[in-house]
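**Student:** Structure file final_29.cif (mmCIF, C-alpha atoms) is given on the next line.
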data_entry
#
loop_
_atom_site.label_atom_id
_atom_site.label_comp_id
_atom_site.auth_asym_id
_atom_site.auth_seq_id
_atom_site.Cartn_x
_atom_site.Cartn_y
_atom_site.Cartn_z
CA MET A 1 -5.01 -5.11 -31.80
CA ARG A 2 -4.33 -5.46 -35.52
CA ARG A 3 -3.16 -2.74 -37.89
CA GLN A 4 -6.49 -2.93 -39.74
CA ASP A 5 -8.36 -2.14 -36.49
CA LEU A 6 -6.69 1.27 -36.23
CA GLU A 7 -9.13 3.05 -38.60
CA GLN A 8 -12.05 2.01 -36.43
CA VAL A 9 -10.24 3.06 -33.23
CA VAL A 10 -9.59 6.51 -34.76
CA ALA A 11 -13.27 6.75 -35.75
CA LEU A 12 -14.49 5.60 -32.33
CA ASP A 13 -12.27 8.14 -30.55
CA ALA A 14 -13.48 10.88 -32.92
CA ARG A 15 -17.10 9.94 -32.21
CA VAL A 16 -16.53 10.18 -28.45
CA THR A 17 -14.28 13.25 -28.28
CA GLY A 18 -15.44 15.15 -31.37
CA LEU A 19 -11.81 15.41 -32.57
CA GLU A 20 -10.09 13.25 -35.14
CA LYS A 21 -6.50 12.67 -34.03
CA ARG A 22 -5.10 10.39 -36.71
CA ALA A 23 -1.42 11.30 -36.24
CA TYR A 24 -1.74 10.79 -32.48
CA TRP A 25 -3.29 7.35 -32.92
CA GLU A 26 -0.61 6.35 -35.45
CA ARG A 27 2.02 7.13 -32.81
CA VAL A 28 0.05 5.24 -30.14
CA TYR A 29 -0.21 2.23 -32.45
CA ARG A 30 3.52 2.26 -33.18
CA ARG A 31 4.27 2.29 -29.45
CA TYR A 32 1.55 -0.03 -28.15
CA GLY A 33 0.05 -1.87 -31.09
CA HIS A 34 2.95 -4.15 -31.80
CA ALA A 35 5.19 -3.97 -28.77
CA GLN A 36 7.95 -6.51 -28.57
CA ARG A 37 7.45 -9.45 -26.24
CA GLY A 38 8.52 -8.44 -22.74
CA GLU A 39 7.82 -4.74 -23.26
CA GLN A 40 4.55 -5.11 -21.36
CA ARG A 41 2.59 -2.63 -23.45
CA LEU A 42 -1.01 -3.51 -24.19
CA PHE A 43 -3.49 -2.23 -26.76
CA LEU A 44 -6.64 -4.37 -26.65
CA VAL A 45 -9.79 -3.95 -28.70
CA ALA A 46 -13.30 -5.31 -28.17
CA VAL A 47 -14.81 -6.54 -31.44
CA ALA A 48 -18.47 -7.27 -32.18
CA GLY A 49 -18.76 -8.99 -35.55
CA SER A 50 -16.23 -7.07 -37.59
CA GLU A 51 -16.71 -3.81 -35.70
CA VAL A 52 -14.39 -2.40 -33.03
CA VAL A 53 -16.68 -1.31 -30.19
CA GLY A 54 -14.11 -0.49 -27.54
CA PHE A 55 -10.44 -0.35 -26.69
CA VAL A 56 -8.10 -0.14 -23.73
CA ILE A 57 -4.44 0.82 -23.64
CA GLY A 58 -1.97 0.40 -20.82
CA GLU A 59 1.51 -0.61 -19.87
CA VAL A 60 3.69 -1.66 -17.00
CA ARG A 61 5.99 1.11 -15.80
CA ASP A 62 8.87 0.47 -13.48
CA TRP A 63 9.93 2.98 -10.85
CA GLU A 64 8.23 5.94 -12.49
CA PHE A 65 6.66 8.51 -10.17
CA GLY A 66 8.67 6.85 -7.39
CA SER A 67 6.60 3.71 -7.67
CA PRO A 68 7.60 0.03 -7.90
CA PRO A 69 6.50 -1.81 -11.09
CA CYS A 70 2.89 -0.85 -11.58
CA GLY A 71 0.25 -1.21 -14.28
CA TRP A 72 -1.06 2.01 -15.80
CA VAL A 73 -4.18 2.28 -17.90
CA PHE A 74 -4.17 5.49 -19.87
CA ALA A 75 -7.06 5.09 -22.29
CA ILE A 76 -10.32 3.18 -22.30
CA ASP A 77 -13.42 3.83 -24.32
CA VAL A 78 -16.55 2.07 -25.47
CA ASP A 79 -18.77 3.02 -28.38
CA PRO A 80 -21.62 5.10 -26.83
CA ARG A 81 -24.15 2.98 -28.79
CA VAL A 82 -23.21 -0.17 -26.89
CA ARG A 83 -22.43 1.14 -23.41
CA GLN A 84 -23.90 -0.48 -20.27
CA ALA A 85 -23.31 -3.92 -21.79
CA GLY A 86 -20.20 -4.81 -19.78
CA ILE A 87 -17.72 -4.19 -22.61
CA GLY A 88 -15.61 -1.74 -20.57
CA THR A 89 -15.52 -4.18 -17.67
CA ARG A 90 -14.36 -7.01 -19.96
CA LEU A 91 -11.68 -4.82 -21.51
CA LEU A 92 -10.33 -3.76 -18.14
CA THR A 93 -10.47 -7.33 -16.85
CA ALA A 94 -8.44 -8.52 -19.85
CA LEU A 95 -5.89 -5.76 -19.25
CA CYS A 96 -5.66 -6.67 -15.55
CA ASP A 97 -5.25 -10.37 -16.39
CA ALA A 98 -2.36 -9.57 -18.73
CA MET A 99 -0.70 -7.32 -16.19
CA ARG A 100 -1.24 -9.81 -13.38
CA SER A 101 0.48 -12.49 -15.44
CA ALA A 102 3.41 -10.06 -15.78
CA GLY A 103 3.63 -9.97 -11.99
CA VAL A 104 1.97 -6.60 -11.46
CA ARG A 105 -0.22 -6.15 -8.36
CA GLN A 106 -1.21 -2.48 -8.66
CA LEU A 107 -3.22 -0.76 -11.37
CA ARG A 108 -3.31 3.02 -11.64
CA THR A 109 -4.69 5.66 -13.92
CA LEU A 110 -4.94 9.42 -14.16
CA LEU A 111 -7.76 11.50 -15.55
CA SER A 112 -9.39 14.88 -15.39
CA ALA A 113 -11.38 15.60 -12.20
CA ASP A 114 -14.40 16.65 -14.27
CA ASN A 115 -14.48 13.48 -16.37
CA THR A 116 -17.17 11.91 -14.21
CA LEU A 117 -18.19 9.34 -16.84
CA ILE A 118 -14.83 7.54 -16.87
CA LEU A 119 -14.15 8.32 -13.20
CA SER A 120 -17.42 6.58 -12.30
CA PHE A 121 -16.47 3.62 -14.48
CA PHE A 122 -13.12 3.15 -12.74
CA ARG A 123 -14.80 3.60 -9.35
CA SER A 124 -17.32 0.89 -10.28
CA GLN A 125 -14.38 -1.42 -10.95
CA GLY A 126 -13.10 -0.93 -7.42
CA MET A 127 -10.49 1.77 -7.98
CA MET A 128 -9.99 4.28 -5.17
CA ALA A 129 -7.84 7.39 -4.91
CA ALA A 130 -4.19 6.39 -5.14
CA PRO A 131 -1.73 7.67 -2.55
CA MET A 132 -0.40 10.15 -5.10
CA ILE A 133 -1.31 13.74 -5.85
CA PRO A 134 -1.16 15.01 -9.42
CA LEU A 135 0.38 18.46 -9.67
CA GLY A 136 0.42 20.96 -12.49
CA MET A 137 1.14 24.61 -13.19
CA GLU A 138 0.68 27.21 -15.87
CA MET A 139 3.86 28.00 -17.75
CA PRO A 140 3.67 31.56 -19.01
CA PRO A 141 5.78 32.43 -22.05
CA ALA A 142 9.39 33.22 -21.21
CA THR A 143 10.21 36.90 -21.19
CA GLY A 144 13.48 38.52 -22.22
CA ARG A 145 16.40 36.76 -23.79
CA SER A 146 16.91 33.17 -22.89
CA ARG A 147 20.29 32.06 -21.73
CA SER A 148 22.04 29.58 -23.99
CA MET B 149 -14.25 16.58 5.46
CA LYS B 150 -17.25 16.52 7.75
CA LEU B 151 -20.80 16.10 6.51
CA GLN B 152 -23.81 17.42 8.39
CA VAL B 153 -26.00 15.01 10.35
CA ASN B 154 -28.91 15.20 7.90
CA THR B 155 -26.60 14.54 4.96
CA LEU B 156 -25.20 11.45 6.66
CA LEU B 157 -28.71 10.27 7.54
CA ALA B 158 -29.71 10.70 3.91
CA LEU B 159 -26.70 8.68 2.71
CA TYR B 160 -27.34 5.89 5.23
CA SER B 161 -31.02 5.80 4.22
CA VAL B 162 -30.27 5.77 0.50
CA LEU B 163 -27.86 2.86 0.95
CA ASP B 164 -30.42 0.95 3.01
CA PHE B 165 -33.16 1.51 0.42
CA ALA B 166 -30.93 0.80 -2.59
CA ALA B 167 -29.62 -2.44 -1.06
CA ASP B 168 -33.15 -3.86 -1.24
CA PRO B 169 -35.01 -1.76 -3.80
CA GLN B 170 -38.18 -3.88 -3.84
CA ARG B 171 -38.73 -3.59 -0.10
CA HIS B 172 -40.86 -0.90 1.52
CA ILE B 173 -38.99 0.16 4.62
CA PRO B 174 -40.90 2.02 7.35
CA ALA B 175 -39.24 5.29 8.34
CA SER B 176 -39.37 4.15 11.98
CA GLU B 177 -37.14 1.16 11.19
CA ILE B 178 -34.42 3.39 9.78
CA ALA B 179 -34.87 5.95 12.57
CA ASP B 180 -34.35 3.21 15.18
CA ARG B 181 -31.29 1.89 13.37
CA TYR B 182 -29.53 5.24 13.47
CA GLY B 183 -30.85 6.42 16.81
CA VAL B 184 -32.78 9.46 15.59
CA SER B 185 -36.41 10.43 16.04
CA ALA B 186 -38.89 9.41 13.32
CA HIS B 187 -39.84 13.09 13.09
CA HIS B 188 -36.23 14.07 12.35
CA LEU B 189 -35.81 11.35 9.74
CA ALA B 190 -39.16 12.21 8.11
CA LYS B 191 -37.76 15.58 7.03
CA VAL B 192 -34.76 13.88 5.43
CA LEU B 193 -36.93 11.31 3.65
CA ALA B 194 -39.32 14.01 2.45
CA GLU B 195 -36.38 15.80 0.80
CA LEU B 196 -35.22 12.54 -0.81
CA ALA B 197 -38.77 11.90 -2.03
CA ARG B 198 -39.03 15.42 -3.49
CA ALA B 199 -35.85 14.71 -5.46
CA GLY B 200 -37.21 11.37 -6.72
CA VAL B 201 -34.61 9.29 -4.89
CA VAL B 202 -37.23 7.44 -2.84
CA GLU B 203 -40.99 7.20 -3.06
CA SER B 204 -43.45 6.80 -0.25
CA VAL B 205 -45.74 3.79 -0.20
CA ARG B 206 -48.94 4.21 1.78
CA GLY B 207 -51.05 1.64 3.58
CA VAL B 208 -50.22 -1.57 5.43
CA GLY B 209 -46.59 -2.48 4.87
CA GLY B 210 -46.01 1.02 3.64
CA GLY B 211 -42.95 3.13 4.08
CA TYR B 212 -40.44 4.20 1.51
CA ARG B 213 -38.63 2.44 -1.27
CA PHE B 214 -35.78 3.31 -3.59
CA SER B 215 -36.93 4.85 -6.86
CA ALA B 216 -33.71 6.11 -8.48
CA ASN B 217 -31.15 4.39 -10.70
CA ALA B 218 -28.37 3.15 -8.40
CA ARG B 219 -25.90 3.08 -11.31
CA ARG B 220 -26.56 6.75 -12.07
CA LEU B 221 -27.22 8.36 -8.70
CA THR B 222 -23.98 9.64 -7.16
CA LEU B 223 -23.10 10.54 -3.61
CA MET B 224 -22.87 14.16 -4.78
CA ASP B 225 -26.47 14.02 -6.05
CA VAL B 226 -27.61 13.16 -2.52
CA ILE B 227 -25.22 15.45 -0.64
CA GLN B 228 -26.15 18.56 -2.59
CA LEU B 229 -29.80 18.12 -1.59
CA PHE B 230 -28.77 18.86 1.99
CA GLU B 231 -25.70 21.05 1.96
CA ASP B 232 -23.18 22.97 -0.07
CA ILE B 233 -19.80 21.39 0.63
CA SER B 234 -17.87 24.28 -0.91
CA SER B 235 -15.77 26.28 1.51
CA PRO B 236 -17.80 29.28 2.74
CA ARG B 237 -16.90 32.64 1.25
CA ARG B 238 -14.67 34.38 3.73
CA GLU B 239 -15.36 37.94 4.75
CA ALA B 240 -11.75 38.98 4.72
CA GLU B 241 -9.75 41.69 3.14
CA ASP B 242 -8.65 40.87 -0.36
CA THR B 243 -4.97 40.48 0.34
CA ALA B 244 -2.52 38.30 -1.56
CA ALA B 245 -2.56 35.88 1.38
CA ASP B 246 -6.38 35.68 1.22
CA ARG B 247 -6.24 34.92 -2.47
CA ALA B 248 -3.54 32.28 -1.94
CA ILE B 249 -5.58 30.59 0.81
CA ASP B 250 -8.70 30.68 -1.41
CA THR B 251 -6.73 29.00 -4.19
CA VAL B 252 -5.76 26.14 -1.85
CA LEU B 253 -9.32 25.80 -0.50
CA ALA B 254 -10.68 25.73 -4.07
CA GLU B 255 -8.29 22.85 -4.83
CA VAL B 256 -9.57 20.90 -1.82
CA ASP B 257 -13.20 21.61 -2.83
CA GLN B 258 -12.55 20.45 -6.38
CA MET B 259 -11.14 17.12 -5.20
CA ALA B 260 -14.04 16.57 -2.79
CA ARG B 261 -16.58 17.27 -5.53
CA ALA B 262 -14.77 14.99 -8.00
CA THR B 263 -14.73 12.16 -5.46
CA PHE B 264 -18.40 12.46 -4.48
CA SER B 265 -19.49 12.91 -8.10
CA SER B 266 -17.70 9.79 -9.31
CA ILE B 267 -19.04 7.32 -6.74
CA THR B 268 -22.47 5.99 -7.60
CA VAL B 269 -24.81 4.32 -5.11
CA ALA B 270 -24.17 0.98 -6.90
CA THR B 271 -20.42 1.41 -6.42
CA MET B 272 -20.99 2.40 -2.80
CA LEU B 273 -23.04 -0.75 -2.16
CA ARG B 274 -20.15 -2.86 -3.47
CA LEU B 275 -17.82 -0.95 -1.15
CA VAL B 276 -20.13 -1.62 1.80
CA GLU B 277 -20.18 -5.31 0.87
CA ARG B 278 -16.38 -5.37 0.68
CA GLU B 279 -16.07 -3.69 4.07
CA ALA B 280 -18.56 -6.17 5.57
CA GLY B 281 -16.53 -9.07 4.17
CA SER B 282 -13.28 -7.74 5.60
CA ARG B 283 -14.48 -7.95 9.21
#
Would you put the structure from the file into structure tokens?
**Tutor:**
Amino acid sequence: MRRQDLEQVVALDARVTGLEKRAYWERVYRRYGHAQRGEQRLFLVAVAGSEVVGFVIGEVRDWEFGSPPCGWVFAIDVDPRVRQAGIGTRLLTALCDAMRSAGVRQLRTLLSADNTLILSFFRSQGMMAAPMIPLGMEMPPATGRSRS
Amino acid sequence: MKLQVNTLLALYSVLDFAADPQRHIPASEIADRYGVSAHHLAKVLAELARAGVVESVRGVGGGYRFSANARRLTLMDVIQLFEDISSPRREAEDTAADRAIDTVLAEVDQMARATFSSITVATMLRLVEREAGSR
């Protein structure tokens, strides 16, 4: 991932999600785009000619969620115009290779239960339900005076 | 999670057909394999044919063959032809406990649907291959 690829990543994400999130992607780039050696953060792009046609982002996290060092992939996308050409598979393979060389033996991810497109992709790569259960809750606005 | 017999028969059949999509498989061959009557299986295959998952081939060497896209067809697509896996609506009084139990059952249903909807027949065939290799 190079700084000059960021514009195309922002545009690709906007094309897929319908939302342009420039400030978000700037923060992602600062954290993952030029991580120091040994930080085990990865931001990989797939390039066809001079065009970014896909990206994957992940990192190795140690002992988070009660888990030994583990690779997490938190974003992957491929330009809808070039899907079904194996680009997502190659991106994920490259991410796995990098994580494997860092000594990681488990890859995990988390996504919305109704995101069947990406869920199906990860399933096709051999991922199964992890022995973890995501939990969430609504947080209604606080009422009354808050204690200081 | 327990699927009905016809749903399981449909899944077994779909995997058999999709594993060799060019081949016409006689219904009797599949019926023998799973120990059910040809008459019983015919109803299952007719439903799959109506949905465009398989197509019947008449004449010598006839039978059925896979006619869907294995990379698009999900387990949920097949299951919902035969049953509704959602928890049945309970005829109970609308107490807070009922509502709490319904909330938990809805969570279980959502996870089941997400799992079945995200596994395509192509992915399932790879899983079958992996299981076969592990024995």
**Student:** Could you tell me which residues the PyMOL selection byres ((chain A and resi 109-117) around 10) returns for this structure, as a PDB file with C-alpha atoms, in the coordinates of the input?
**Tutor:**
ATOM      1  CA  GLY A  58      -1.970   0.400 -20.820  1.00  0.00           C
ATOM      2  CA  GLY A  71       0.250  -1.210 -14.280  1.00  0.00           C
ATOM      3  CA  TRP A  72      -1.060   2.010 -15.800  1.00  0.00           C
ATOM      4  CA  VAL A  73      -4.180   2.280 -17.900  1.00  0.00           C
ATOM      5  CA  PHE A  74      -4.170   5.490 -19.870  1.00  0.00           C
ATOM      6  CA  ALA A  75      -7.060   5.090 -22.290  1.00  0.00           C
ATOM      7  CA  LEU A 107      -3.220  -0.760 -11.370  1.00  0.00           C
ATOM      8  CA  ARG A 108      -3.310   3.020 -11.640  1.00  0.00           C
ATOM      9  CA  ILE A 118     -14.830   7.540 -16.870  1.00  0.00           C
ATOM     10  CA  LEU A 119     -14.150   8.320 -13.200  1.00  0.00           C
ATOM     11  CA  SER A 120     -17.420   6.580 -12.300  1.00  0.00           C
ATOM     12  CA  PHE A 121     -16.470   3.620 -14.480  1.00  0.00           C
ATOM     13  CA  PHE A 122     -13.120   3.150 -12.740  1.00  0.00           C
ATOM     14  CA  ARG A 123     -14.800   3.600  -9.350  1.00  0.00           C
ATOM     15  CA  MET A 127     -10.490   1.770  -7.980  1.00  0.00           C
ATOM     16  CA  ALA A 129      -7.840   7.390  -4.910  1.00  0.00           C
ATOM     17  CA  ALA A 130      -4.190   6.390  -5.140  1.00  0.00           C
ATOM     18  CA  PRO A 134      -1.160  15.010  -9.420  1.00  0.00           C
TER      19      PRO A 134
ATOM     20  CA  ARG B 220     -26.560   6.750 -12.070  1.00  0.00           C
ATOM     21  CA  GLN B 258     -12.550  20.450  -6.380  1.00  0.00           C
ATOM     22  CA  MET B 259     -11.140  17.120  -5.200  1.00  0.00           C
ATOM     23  CA  ALA B 260     -14.040  16.570  -2.790  1.00  0.00           C
ATOM     24  CA  ARG B 261     -16.580  17.270  -5.530  1.00  0.00           C
ATOM     25  CA  ALA B 262     -14.770  14.990  -8.000  1.00  0.00           C
ATOM     26  CA  THR B 263     -14.730  12.160  -5.460  1.00  0.00           C
ATOM     27  CA  PHE B 264     -18.400  12.460  -4.480  1.00  0.00           C
ATOM     28  CA  SER B 265     -19.490  12.910  -8.100  1.00  0.00           C
ATOM     29  CA  SER B 266     -17.700   9.790  -9.310  1.00  0.00           C
ATOM     30  CA  ILE B 267     -19.040   7.320  -6.740  1.00  0.00           C
TER      31      ILE B 267
END
**Student:** What would the selection look like, as a VMD selection string, if the PyMOL selection byres ((chain A and resi 43) around 7) were run on the coordinates I just shared?
**Tutor:** chain A and resid 1 32 to 33 41 to 42 44 to 45 56 to 58
**Student:** Quote the spacing between CA of Ser215 (chain B) and CA of His172 (chain B) in Å to one decimal place.
**Tutor:**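 That distance, rounded to one decimal, is 10.9 Å.
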**Student:** Taking the file above as input, evaluate the PyMOL selection byres ((chain A and resi 61) around 10) and report the hits as an NGL selection string.
**Tutor:** :A and (39-41 or 58-60 or 62-65 or 67-72 or 104)
**Student:** Which is closest to Arg90 (chain A) among A:Gln4, A:Thr17, A:Thr143, A:Gln125, if we use all atoms listed in the file?
**Tutor:**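 Among the listed residues, A:Gln125 lies closest to Arg90 (chain A).
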**Student:** What's the 10 Å shell around Leu91 (chain A), counting all atoms listed in the file, without same-chain residues fewer than 4 positions away, as JSON, numbers by chain?
**Tutor:** {"A": [44, 45, 46, 54, 55, 56, 57, 76, 77, 78, 86, 87, 95, 96, 97]}
**Student:** Restricting the calculation to only C-alpha atoms, which member of B:Ala190, B:Val184, B:Glu195, B:Pro174 is positioned closest to Glu231 (chain B)?
**Tutor:** B:Glu195
**Student:** A:Gly18, A:Gly49, A:Gly126, A:Gly88: which is nearest chain B, counting all atoms listed in the file?
**Tutor:**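 Comparing A:Gly18, A:Gly49, A:Gly126, A:Gly88 against chain B, the winner is A:Gly126.
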**Student:** What's the 9 Å shell around Ala166 (chain B), counting all atoms listed in the file, without same-chain residues fewer than 5 positions away, as a list in words?
**Tutor:**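 Contacts, in chain order: Ser161, Arg213, Phe214, Ser215, Ala216, Asn217, Ala218, Val269, Ala270 and Leu273 of chain B.
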**Student:** Write a file of the selected residues as a compact mmCIF listing (two decimals), in the frame of the given file, keeping C-alpha atoms.
**Tutor:**
# COMPACT_ATOMS: atom_id res chain seq x y z
CA SER B 161 -31.02 5.80 4.22
CA ARG B 213 -38.63 2.44 -1.27
CA PHE B 214 -35.78 3.31 -3.59
CA SER B 215 -36.93 4.85 -6.86
CA ALA B 216 -33.71 6.11 -8.48
CA ASN B 217 -31.15 4.39 -10.70
CA ALA B 218 -28.37 3.15 -8.40
CA VAL B 269 -24.81 4.32 -5.11
CA ALA B 270 -24.17 0.98 -6.90
CA LEU B 273 -23.04 -0.75 -2.16
**Student:** Which of these residues is nearest to chain A, using all atoms listed in the file: B:Leu229, B:Thr222, B:Ala280, B:Arg238?
**Tutor:**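 When distances to chain A are compared using all atoms listed in the file, the smallest one comes from B:Thr222.
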**Student:** What does the structure give for the distance between CA of Thr268 (chain B) and CA of Leu223 (chain B), in Å to one decimal?
**Tutor:**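 Interatomic distance here is 6.1 Å.
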**Student:** Which distance in Å separates CA of Tyr212 (chain B) and CA of Ile233 (chain B), to one decimal?
**Tutor:**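 Computing the Euclidean distance for CA of Tyr212 (chain B) and CA of Ile233 (chain B) yields 26.9 Å.
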**Student:** What's the 12 Å shell around Tyr182 (chain B), counting all atoms listed in the file, without same-chain residues fewer than 6 positions away, as an MDAnalysis selection string?
**Tutor:** chainID B and resid 153:154 156:161 164 175:176 188:189
**Student:** So, counting only C-alpha atoms, which residue among B:Arg237, B:Arg219, B:Arg283, B:Arg181 is closest to chain A?
**Tutor:**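 The shortest atom-to-atom distance to chain A comes from B:Arg219.
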**Student:** Which residues come within 9 Å of Ser204 (chain B), counting only C-alpha atoms, excluding same-chain residues fewer than 2 positions away, as a PyMOL selection string?
**Tutor:** chain B and resi 172+193-194+197+202+206+210-213
**Student:** Those selected residues, please, written with C-alpha atoms and delivered as a PDB file, in the frame of the given file.
**Tutor:**
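Here's the written file again-v4.pdb:
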ATOM      1  CA  HIS B 172     -40.860  -0.900   1.520  1.00  0.00           C
ATOM      2  CA  LEU B 193     -36.930  11.310   3.650  1.00  0.00           C
ATOM      3  CA  ALA B 194     -39.320  14.010   2.450  1.00  0.00           C
ATOM      4  CA  ALA B 197     -38.770  11.900  -2.030  1.00  0.00           C
ATOM      5  CA  VAL B 202     -37.230   7.440  -2.840  1.00  0.00           C
ATOM      6  CA  ARG B 206     -48.940   4.210   1.780  1.00  0.00           C
ATOM      7  CA  GLY B 210     -46.010   1.020   3.640  1.00  0.00           C
ATOM      8  CA  GLY B 211     -42.950   3.130   4.080  1.00  0.00           C
ATOM      9  CA  TYR B 212     -40.440   4.200   1.510  1.00  0.00           C
ATOM     10  CA  ARG B 213     -38.630   2.440  -1.270  1.00  0.00           C
TER      11      ARG B 213
END
**Student:** Considering only C-alpha atoms, can you say which of B:Glu277, B:Asp246, B:Asp168, B:Asp180 comes closest to chain A?
**Tutor:**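 That would be B:Glu277, the residue with the smallest distance to chain A.
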